[in-house]
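Content type PDB, C-alpha atoms, from the file target15.pdb:
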```pdb
ATOM      1  CA  MET A  38     182.474  58.654 285.029  1.00  0.00           C
ATOM      2  CA  GLU A  39     185.113  60.142 282.739  1.00  0.00           C
ATOM      3  CA  LEU A  40     187.021  57.421 280.934  1.00  0.00           C
ATOM      4  CA  PHE A  41     190.403  59.151 281.174  1.00  0.00           C
ATOM      5  CA  GLN A  42     191.701  61.721 283.653  1.00  0.00           C
ATOM      6  CA  THR A  43     195.094  63.042 284.787  1.00  0.00           C
ATOM      7  CA  SER A  44     196.597  65.275 287.437  1.00  0.00           C
ATOM      8  CA  GLU A  45     197.397  68.840 286.403  1.00  0.00           C
ATOM      9  CA  SER A  46     200.979  67.886 285.612  1.00  0.00           C
ATOM     10  CA  VAL A  47     202.286  64.465 284.539  1.00  0.00           C
ATOM     11  CA  ASN A  48     205.903  65.293 283.631  1.00  0.00           C
ATOM     12  CA  GLN A  49     207.565  63.368 286.464  1.00  0.00           C
ATOM     13  CA  LEU A  50     205.100  60.509 286.079  1.00  0.00           C
ATOM     14  CA  LEU A  51     205.901  60.105 282.382  1.00  0.00           C
ATOM     15  CA  THR A  52     209.641  60.266 283.077  1.00  0.00           C
ATOM     16  CA  ALA A  53     209.250  57.454 285.612  1.00  0.00           C
ATOM     17  CA  VAL A  54     207.115  55.443 283.169  1.00  0.00           C
ATOM     18  CA  ALA A  55     209.851  55.793 280.521  1.00  0.00           C
ATOM     19  CA  GLU A  56     212.474  54.485 282.954  1.00  0.00           C
ATOM     20  CA  CYS A  57     210.174  51.665 283.978  1.00  0.00           C
ATOM     21  CA  LYS A  58     209.628  50.728 280.339  1.00  0.00           C
ATOM     22  CA  LYS A  59     213.378  50.323 279.836  1.00  0.00           C
ATOM     23  CA  LEU A  60     213.391  47.716 282.607  1.00  0.00           C
ATOM     24  CA  LEU A  61     210.219  45.962 281.459  1.00  0.00           C
ATOM     25  CA  GLY A  62     210.985  45.518 277.781  1.00  0.00           C
ATOM     26  CA  ASN A  63     208.119  44.653 275.452  1.00  0.00           C
ATOM     27  CA  THR A  64     206.967  41.108 276.146  1.00  0.00           C
ATOM     28  CA  ILE A  65     205.935  38.682 278.883  1.00  0.00           C
ATOM     29  CA  ALA A  66     206.765  34.994 278.585  1.00  0.00           C
ATOM     30  CA  PHE A  67     203.589  32.962 278.012  1.00  0.00           C
ATOM     31  CA  ASP A  68     202.827  30.769 281.037  1.00  0.00           C
ATOM     32  CA  ASP A  69     199.231  29.677 280.441  1.00  0.00           C
ATOM     33  CA  ASN A  70     197.027  28.193 277.751  1.00  0.00           C
ATOM     34  CA  ASN A  71     193.392  28.569 276.700  1.00  0.00           C
ATOM     35  CA  PRO A  72     192.399  25.050 275.591  1.00  0.00           C
ATOM     36  CA  HIS A  73     189.176  26.299 273.993  1.00  0.00           C
ATOM     37  CA  PHE A  74     190.905  28.698 271.583  1.00  0.00           C
ATOM     38  CA  LYS A  75     194.202  26.785 271.624  1.00  0.00           C
ATOM     39  CA  ASN A  76     196.319  29.837 272.298  1.00  0.00           C
ATOM     40  CA  ASP A  77     199.106  30.596 274.756  1.00  0.00           C
ATOM     41  CA  PHE A  78     199.135  33.769 276.836  1.00  0.00           C
ATOM     42  CA  ALA A  79     200.708  35.457 279.865  1.00  0.00           C
ATOM     43  CA  SER A  80     198.460  35.086 282.907  1.00  0.00           C
ATOM     44  CA  LEU A  81     197.548  37.823 285.391  1.00  0.00           C
ATOM     45  CA  LYS A  82     199.974  36.227 287.859  1.00  0.00           C
ATOM     46  CA  ALA A  83     202.840  36.383 285.342  1.00  0.00           C
ATOM     47  CA  THR A  84     201.894  39.952 284.446  1.00  0.00           C
ATOM     48  CA  LEU A  85     201.943  41.114 288.061  1.00  0.00           C
ATOM     49  CA  LYS A  86     205.265  39.384 288.672  1.00  0.00           C
ATOM     50  CA  LYS A  87     206.714  41.006 285.554  1.00  0.00           C
ATOM     51  CA  ILE A  88     205.891  44.586 286.565  1.00  0.00           C
ATOM     52  CA  GLU A  89     206.294  44.320 290.345  1.00  0.00           C
ATOM     53  CA  GLY A  90     210.028  44.997 290.543  1.00  0.00           C
ATOM     54  CA  PRO A  91     210.393  47.680 287.840  1.00  0.00           C
ATOM     55  CA  THR A  92     207.387  49.699 289.066  1.00  0.00           C
ATOM     56  CA  ARG A  93     208.674  49.583 292.635  1.00  0.00           C
ATOM     57  CA  ASP A  94     212.148  50.660 291.523  1.00  0.00           C
ATOM     58  CA  CYS A  95     210.657  53.614 289.606  1.00  0.00           C
ATOM     59  CA  ASN A  96     208.305  54.736 292.427  1.00  0.00           C
ATOM     60  CA  LEU A  97     205.196  53.818 290.451  1.00  0.00           C
ATOM     61  CA  ILE A  98     202.039  52.080 291.614  1.00  0.00           C
ATOM     62  CA  LEU A  99     199.063  50.926 289.554  1.00  0.00           C
ATOM     63  CA  THR A 100     195.876  50.315 291.508  1.00  0.00           C
ATOM     64  CA  GLN A 101     192.642  48.827 290.149  1.00  0.00           C
ATOM     65  CA  TRP A 102     189.085  48.857 291.465  1.00  0.00           C
ATOM     66  CA  PRO A 103     185.828  47.386 290.170  1.00  0.00           C
ATOM     67  CA  ALA A 104     183.211  50.101 289.726  1.00  0.00           C
ATOM     68  CA  GLY A 105     179.885  48.810 288.471  1.00  0.00           C
ATOM     69  CA  GLU A 106     180.687  47.191 285.128  1.00  0.00           C
ATOM     70  CA  MET A 107     184.040  48.935 284.828  1.00  0.00           C
ATOM     71  CA  VAL A 108     187.598  48.571 286.089  1.00  0.00           C
ATOM     72  CA  VAL A 109     189.186  51.848 287.196  1.00  0.00           C
ATOM     73  CA  ASN A 110     192.963  51.938 286.724  1.00  0.00           C
ATOM     74  CA  ARG A 111     195.031  54.597 288.494  1.00  0.00           C
ATOM     75  CA  LEU A 112     198.760  54.904 287.789  1.00  0.00           C
ATOM     76  CA  GLN A 113     200.531  57.149 290.307  1.00  0.00           C
ATOM     77  CA  HIS A 114     204.063  58.421 290.788  1.00  0.00           C
ATOM     78  CA  LEU A 115     204.592  58.135 294.537  1.00  0.00           C
ATOM     79  CA  GLU A 116     207.290  60.787 294.779  1.00  0.00           C
ATOM     80  CA  SER A 117     205.449  63.600 292.987  1.00  0.00           C
ATOM     81  CA  GLY A 118     201.853  62.479 293.487  1.00  0.00           C
ATOM     82  CA  GLU A 119     201.151  62.850 289.752  1.00  0.00           C
ATOM     83  CA  TRP A 120     198.628  60.392 288.348  1.00  0.00           C
ATOM     84  CA  MET A 121     196.699  59.118 285.360  1.00  0.00           C
ATOM     85  CA  GLN A 122     193.386  57.297 285.579  1.00  0.00           C
ATOM     86  CA  SER A 123     191.328  55.363 283.063  1.00  0.00           C
ATOM     87  CA  ALA A 124     188.146  53.268 283.126  1.00  0.00           C
ATOM     88  CA  PHE A 125     187.766  49.989 281.225  1.00  0.00           C
ATOM     89  CA  ASN A 126     184.335  48.581 280.365  1.00  0.00           C
ATOM     90  CA  LEU A 127     183.965  44.909 281.353  1.00  0.00           C
ATOM     91  CA  THR A 128     181.319  44.170 278.683  1.00  0.00           C
ATOM     92  CA  LEU A 129     179.677  41.344 280.633  1.00  0.00           C
ATOM     93  CA  VAL A 130     178.025  38.635 278.546  1.00  0.00           C
ATOM     94  CA  LYS A 131     176.223  37.048 281.497  1.00  0.00           C
ATOM     95  CA  LYS A 132     175.030  38.685 284.734  1.00  0.00           C
ATOM     96  CA  ASP A 133     176.351  36.272 287.338  1.00  0.00           C
ATOM     97  CA  PRO A 134     179.259  36.306 289.843  1.00  0.00           C
ATOM     98  CA  GLN A 135     181.368  33.785 287.940  1.00  0.00           C
ATOM     99  CA  ALA A 136     181.111  35.711 284.679  1.00  0.00           C
ATOM    100  CA  ALA A 137     181.864  38.978 286.485  1.00  0.00           C
ATOM    101  CA  GLY A 138     184.932  37.478 288.181  1.00  0.00           C
ATOM    102  CA  SER A 139     186.247  36.058 284.927  1.00  0.00           C
ATOM    103  CA  ALA A 140     185.696  39.350 283.092  1.00  0.00           C
ATOM    104  CA  LEU A 141     187.371  41.258 285.926  1.00  0.00           C
ATOM    105  CA  SER A 142     190.498  39.067 285.852  1.00  0.00           C
ATOM    106  CA  TYR A 143     190.702  39.375 282.068  1.00  0.00           C
ATOM    107  CA  ALA A 144     190.247  43.151 282.217  1.00  0.00           C
ATOM    108  CA  ARG A 145     192.898  43.566 284.917  1.00  0.00           C
ATOM    109  CA  ARG A 146     195.418  41.573 282.872  1.00  0.00           C
ATOM    110  CA  GLN A 147     194.695  43.464 279.670  1.00  0.00           C
ATOM    111  CA  CYS A 148     194.859  46.850 281.422  1.00  0.00           C
ATOM    112  CA  TYR A 149     198.190  46.107 283.088  1.00  0.00           C
ATOM    113  CA  GLN A 150     199.703  44.968 279.798  1.00  0.00           C
ATOM    114  CA  THR A 151     198.270  47.865 277.822  1.00  0.00           C
ATOM    115  CA  ILE A 152     199.299  50.590 280.282  1.00  0.00           C
ATOM    116  CA  PHE A 153     202.883  49.340 280.369  1.00  0.00           C
ATOM    117  CA  GLY A 154     203.038  48.505 276.657  1.00  0.00           C
ATOM    118  CA  LEU A 155     203.559  44.758 277.107  1.00  0.00           C
ATOM    119  CA  VAL A 156     202.655  41.935 274.742  1.00  0.00           C
ATOM    120  CA  GLY A 157     201.124  39.048 276.663  1.00  0.00           C
ATOM    121  CA  ASP A 158     199.348  37.031 273.975  1.00  0.00           C
ATOM    122  CA  LYS A 159     199.336  36.263 270.286  1.00  0.00           C
ATOM    123  CA  ASP A 160     198.387  39.086 267.921  1.00  0.00           C
ATOM    124  CA  ASP A 161     195.535  37.612 265.851  1.00  0.00           C
ATOM    125  CA  ASP A 162     195.006  40.788 263.781  1.00  0.00           C
ATOM    126  CA  GLY A 163     191.633  41.392 265.430  1.00  0.00           C
ATOM    127  CA  GLU A 164     190.089  38.079 264.421  1.00  0.00           C
ATOM    128  CA  MET A 165     188.708  37.279 267.873  1.00  0.00           C
ATOM    129  CA  ALA A 166     187.365  40.796 268.336  1.00  0.00           C
ATOM    130  CA  MET A 167     185.535  40.403 265.007  1.00  0.00           C
ATOM    131  CA  GLY A 168     184.065  37.064 266.100  1.00  0.00           C
ATOM    132  CA  ARG A 169     185.994  35.108 263.466  1.00  0.00           C
ATOM    133  CA  GLY A 170     188.242  33.198 265.852  1.00  0.00           C
ATOM    134  CA  SER A 171     187.498  29.505 266.164  1.00  0.00           C
ATOM    135  CA  SER A 172     188.397  26.929 268.759  1.00  0.00           C
ATOM    136  CA  ASP A 173     188.799  24.424 265.899  1.00  0.00           C
ATOM    137  CA  GLU A 174     191.530  26.370 264.178  1.00  0.00           C
ATOM    138  CA  ASN A 175     194.948  24.845 264.586  1.00  0.00           C
ATOM    139  CA  ASP A 176     197.223  27.395 266.149  1.00  0.00           C
ATOM    140  CA  ASN A 177     200.727  26.033 266.383  1.00  0.00           C
ATOM    141  CA  THR A 178     202.231  29.348 267.460  1.00  0.00           C
ATOM    142  CA  THR A 179     203.997  29.117 270.798  1.00  0.00           C
ATOM    143  CA  SER A 180     206.354  31.449 272.594  1.00  0.00           C
ATOM    144  CA  PRO A 181     209.904  30.686 271.454  1.00  0.00           C
ATOM    145  CA  LYS A 182     212.264  28.987 273.863  1.00  0.00           C
ATOM    146  CA  LEU A 183     215.085  31.051 275.285  1.00  0.00           C
ATOM    147  CA  LEU A 184     217.757  29.154 273.374  1.00  0.00           C
ATOM    148  CA  PRO A 185     217.685  25.933 271.351  1.00  0.00           C
ATOM    149  CA  PRO A 186     219.504  22.965 272.909  1.00  0.00           C
ATOM    150  CA  PRO A 187     223.144  22.799 271.790  1.00  0.00           C
ATOM    151  CA  PRO A 188     224.098  20.077 269.312  1.00  0.00           C
ATOM    152  CA  PRO A 189     226.072  17.097 270.640  1.00  0.00           C
ATOM    153  CA  ALA A 190     229.721  17.842 271.260  1.00  0.00           C
ATOM    154  CA  ASN A 191     230.804  15.210 268.767  1.00  0.00           C
ATOM    155  CA  ASN A 192     229.239  13.152 266.027  1.00  0.00           C
ATOM    156  CA  ARG A 193     230.732  10.546 263.775  1.00  0.00           C
ATOM    157  CA  LYS A 194     231.205  10.531 260.060  1.00  0.00           C
ATOM    158  CA  ASN A 195     232.967   7.694 258.279  1.00  0.00           C
ATOM    159  CA  GLY A 196     233.900   6.253 261.671  1.00  0.00           C
ATOM    160  CA  ARG A 197     235.660   9.445 262.813  1.00  0.00           C
ATOM    161  CA  ALA A 198     234.581  11.871 265.495  1.00  0.00           C
ATOM    162  CA  GLN A 199     233.591  15.224 264.035  1.00  0.00           C
ATOM    163  CA  LYS A 200     233.622  18.485 265.960  1.00  0.00           C
ATOM    164  CA  THR A 201     230.469  20.583 265.885  1.00  0.00           C
ATOM    165  CA  ASN A 202     229.947  24.258 266.594  1.00  0.00           C
ATOM    166  CA  THR A 203     228.266  24.450 270.009  1.00  0.00           C
ATOM    167  CA  ASN A 204     228.090  28.247 269.812  1.00  0.00           C
ATOM    168  CA  LYS A 205     225.788  28.393 266.817  1.00  0.00           C
ATOM    169  CA  PRO A 206     223.586  31.506 267.160  1.00  0.00           C
ATOM    170  CA  ALA A 207     219.916  31.060 267.996  1.00  0.00           C
ATOM    171  CA  GLU A 208     217.830  31.678 264.898  1.00  0.00           C
ATOM    172  CA  PRO A 209     214.213  32.873 264.680  1.00  0.00           C
ATOM    173  CA  PRO A 210     211.435  30.423 263.788  1.00  0.00           C
ATOM    174  CA  LYS A 211     210.098  30.658 260.250  1.00  0.00           C
ATOM    175  CA  ASN A 212     206.880  32.358 261.427  1.00  0.00           C
ATOM    176  CA  MET A 213     208.661  35.181 263.313  1.00  0.00           C
ATOM    177  CA  ASN A 214     210.731  38.074 261.968  1.00  0.00           C
ATOM    178  CA  GLU A 215     214.341  38.331 263.100  1.00  0.00           C
ATOM    179  CA  GLU A 216     213.990  41.591 265.036  1.00  0.00           C
ATOM    180  CA  GLY A 217     210.972  40.327 266.973  1.00  0.00           C
ATOM    181  CA  PHE A 218     212.718  37.057 267.795  1.00  0.00           C
ATOM    182  CA  TYR A 219     215.850  38.636 269.219  1.00  0.00           C
ATOM    183  CA  SER A 220     213.779  41.191 271.133  1.00  0.00           C
ATOM    184  CA  GLU A 221     211.821  38.288 272.662  1.00  0.00           C
ATOM    185  CA  GLN A 222     215.027  36.524 273.733  1.00  0.00           C
ATOM    186  CA  ILE A 223     216.441  39.661 275.350  1.00  0.00           C
ATOM    187  CA  ASP A 224     213.168  40.379 277.161  1.00  0.00           C
ATOM    188  CA  LYS A 225     213.215  36.845 278.574  1.00  0.00           C
ATOM    189  CA  LEU A 226     216.752  37.335 279.859  1.00  0.00           C
ATOM    190  CA  ARG A 227     215.872  40.721 281.352  1.00  0.00           C
ATOM    191  CA  THR A 228     212.743  39.298 282.993  1.00  0.00           C
ATOM    192  CA  ARG A 229     214.715  36.412 284.470  1.00  0.00           C
ATOM    193  CA  LEU A 230     217.192  38.867 286.007  1.00  0.00           C
ATOM    194  CA  ALA A 231     214.451  41.142 287.346  1.00  0.00           C
ATOM    195  CA  GLN A 232     212.496  38.254 288.891  1.00  0.00           C
ATOM    196  CA  ALA A 233     215.436  36.559 290.647  1.00  0.00           C
ATOM    197  CA  GLU A 234     214.517  36.151 294.308  1.00  0.00           C
ATOM    198  CA  THR A 235     217.706  34.540 295.638  1.00  0.00           C
ATOM    199  CA  GLU A 236     221.442  34.834 294.973  1.00  0.00           C
ATOM    200  CA  PHE A 237     221.297  31.402 293.352  1.00  0.00           C
ATOM    201  CA  ASP A 238     218.534  32.500 290.947  1.00  0.00           C
ATOM    202  CA  PHE A 239     220.451  35.716 290.236  1.00  0.00           C
ATOM    203  CA  ASN A 240     223.663  33.851 289.373  1.00  0.00           C
ATOM    204  CA  LEU A 241     221.752  31.499 287.070  1.00  0.00           C
ATOM    205  CA  ALA A 242     220.164  34.497 285.321  1.00  0.00           C
ATOM    206  CA  VAL A 243     223.554  36.183 284.852  1.00  0.00           C
ATOM    207  CA  GLU A 244     224.959  32.900 283.514  1.00  0.00           C
ATOM    208  CA  ALA A 245     222.041  32.639 281.072  1.00  0.00           C
ATOM    209  CA  VAL A 246     222.853  36.101 279.692  1.00  0.00           C
ATOM    210  CA  GLN A 247     226.494  35.142 279.206  1.00  0.00           C
ATOM    211  CA  LYS A 248     225.583  31.854 277.528  1.00  0.00           C
ATOM    212  CA  ALA A 249     223.203  33.676 275.182  1.00  0.00           C
ATOM    213  CA  ARG A 250     225.943  36.127 274.204  1.00  0.00           C
ATOM    214  CA  ASN A 251     228.407  33.279 273.648  1.00  0.00           C
ATOM    215  CA  ALA A 252     225.798  31.546 271.494  1.00  0.00           C
ATOM    216  CA  GLY A 253     225.664  34.588 269.240  1.00  0.00           C
ATOM    217  CA  LEU A 254     222.482  36.312 270.424  1.00  0.00           C
ATOM    218  CA  LYS A 255     222.359  39.753 268.826  1.00  0.00           C
ATOM    219  CA  ILE A 256     222.230  42.368 271.583  1.00  0.00           C
ATOM    220  CA  SER A 257     222.178  46.057 270.694  1.00  0.00           C
ATOM    221  CA  ALA A 258     224.013  48.674 272.773  1.00  0.00           C
ATOM    222  CA  ASP A 259     220.702  49.890 274.245  1.00  0.00           C
ATOM    223  CA  ASP A 260     219.601  46.367 275.162  1.00  0.00           C
ATOM    224  CA  PHE A 261     222.998  45.604 276.689  1.00  0.00           C
ATOM    225  CA  SER A 262     222.769  48.764 278.818  1.00  0.00           C
ATOM    226  CA  SER A 263     219.245  47.787 279.904  1.00  0.00           C
ATOM    227  CA  LEU A 264     220.427  44.312 280.916  1.00  0.00           C
ATOM    228  CA  GLN A 265     223.301  45.840 282.878  1.00  0.00           C
ATOM    229  CA  ARG A 266     220.941  48.255 284.674  1.00  0.00           C
ATOM    230  CA  THR A 267     218.610  45.398 285.578  1.00  0.00           C
ATOM    231  CA  LYS A 268     221.556  43.332 286.816  1.00  0.00           C
ATOM    232  CA  THR A 269     222.891  46.202 288.928  1.00  0.00           C
ATOM    233  CA  MET A 270     219.514  47.048 290.465  1.00  0.00           C
ATOM    234  CA  LYS A 271     218.765  43.407 291.277  1.00  0.00           C
ATOM    235  CA  SER A 272     222.204  42.806 292.793  1.00  0.00           C
ATOM    236  CA  GLN A 273     221.732  45.868 295.018  1.00  0.00           C
ATOM    237  CA  GLU A 274     218.275  44.686 296.013  1.00  0.00           C
ATOM    238  CA  LEU A 275     219.606  41.225 296.969  1.00  0.00           C
ATOM    239  CA  GLY A 276     222.781  42.592 298.569  1.00  0.00           C
ATOM    240  CA  ILE A 277     225.051  40.782 296.112  1.00  0.00           C
ATOM    241  CA  ILE A 278     228.519  42.096 295.331  1.00  0.00           C
ATOM    242  CA  THR A 279     229.208  41.685 291.605  1.00  0.00           C
ATOM    243  CA  ALA A 280     232.320  42.201 289.553  1.00  0.00           C
ATOM    244  CA  ALA A 281     232.584  45.565 287.824  1.00  0.00           C
TER
END
```

Show me the file's structure as structure tokens.
Amino acid sequence: MELFQTSESVNQLLTAVAECKKLLGNTIAFDDNNPHFKNDFASLKATLKKIEGPTRDCNLILTQWPAGEMVVNRLQHLESGEWMQSAFNLTLVKKDPQAAGSALSYARRQCYQTIFGLVGDKDDDGEMAMGRGSSDENDNTTSPKLLPPPPPANNRKNGRAQKTNTNKPAEPPKNMNEEGFYSEQIDKLRTRLAQAETEFDFNLAVEAVQKARNAGLKISADDFSSLQRTKTMKSQELGIITAA
């Protein structure tokens, strides 16, 4: 089996993938934990939920099949019929159903995230792949929260109430660069909008974006446009009339 194949033309497919990428962003919020290696990651369930809406909106479908000790991934543009296909080796350690099922789930998650350029776990600089990772290592890295809790409205100094700035901008943790931190925050907001299933959820997501802006979250013009597109598409999907 060839490891990578495409249709004769992929122009419309790649255009759709580019539009889909604008909606997806770069990261998936971590929702699971591996207690053995003490690391957080985005599960297959979270990954599927992340890409479901944007791929549907861009007329894309990614299908996966087990084939021997491989997973075959086929990304297709439904409107044009153009496609790309790749095969991923499962590299089974043990030959039993449980090991095969575990390897299959892991492979599906990694393929989804790789194909759509998403980060769903900690970058360990290849340590685990080199066999140097250890379950005894203390890994205190966790996905940052959307926004830190605001300080109390008032505190007292010398017996007098003091006003505090409740709109202090969210700042990146010491172990994360500023650009990556703000990109993570914006991706979380965009994901929350895209995954809203009810009008109530949608309104909460819109409110979260506004609160983040009021708190000083740095949002570039491109990111703001992406958030607006996601908001518009989701409001149309849910049949919600929003203010211009």

message: With the PyMOL selection byres ((chain A and resi 152-155) around 8) as the selection, what would be picked from this file? Answer as a PyMOL selection string, please.
response: chain A and resi 54+58+62-65+148-151+156-157

- line: As a check of understanding: the span from atom CA of A:Ser272 to atom CA of A:Tyr219 is 24.8 Å

task: I need the residue set behind the PyMOL selection byres ((chain A and resi 46) around 10) for this file; please write it as a list in words.
output: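 So the PyMOL selection byres ((chain A and resi 46) around 10), applied here, picks out Thr43, Ser44, Glu45, Val47, Asn48, Gln49, Leu50, Leu51, Ser117, Gly118, Glu119, Trp120 and Met121 of chain A.
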
message: I'd like the neighbourhood of A:Ala79 as an MDAnalysis selection string, where a residue qualifies if any of its atoms comes within 7 Å (using only C-alpha atoms), though same-chain residues fewer than 2 positions away should be ignored.
response: chainID A and resid 65:69 81 83:84 157:158

- prompt: Nearest to A:Leu230: which of A:Val109, A:Leu61, A:Ile278, A:Ala258 is it, counting all atoms listed in the file?
  reply: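 Selected residue with least distance to A:Leu230: A:Leu61.
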
field: Proximity to A:Thr100 - best of A:Phe125, A:Gln232, A:Arg145, A:Lys131, all atoms listed in the file
entry: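 Of all the options, A:Arg145 lies closest to A:Thr100.
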
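Among A:Ser263, A:Gly105, A:Arg146, A:Gly253, the residue with the shortest atom-to-atom distance to A:Phe78, counting only C-alpha atoms, is A:Arg146.
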
- request: Tell me which of A:Glu106, A:Glu116, A:Phe41, A:Lys59 sits closest to A:Ala136, counting only C-alpha atoms.
  value: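 Ranked by minimum distance to A:Ala136, first place goes to A:Glu106.
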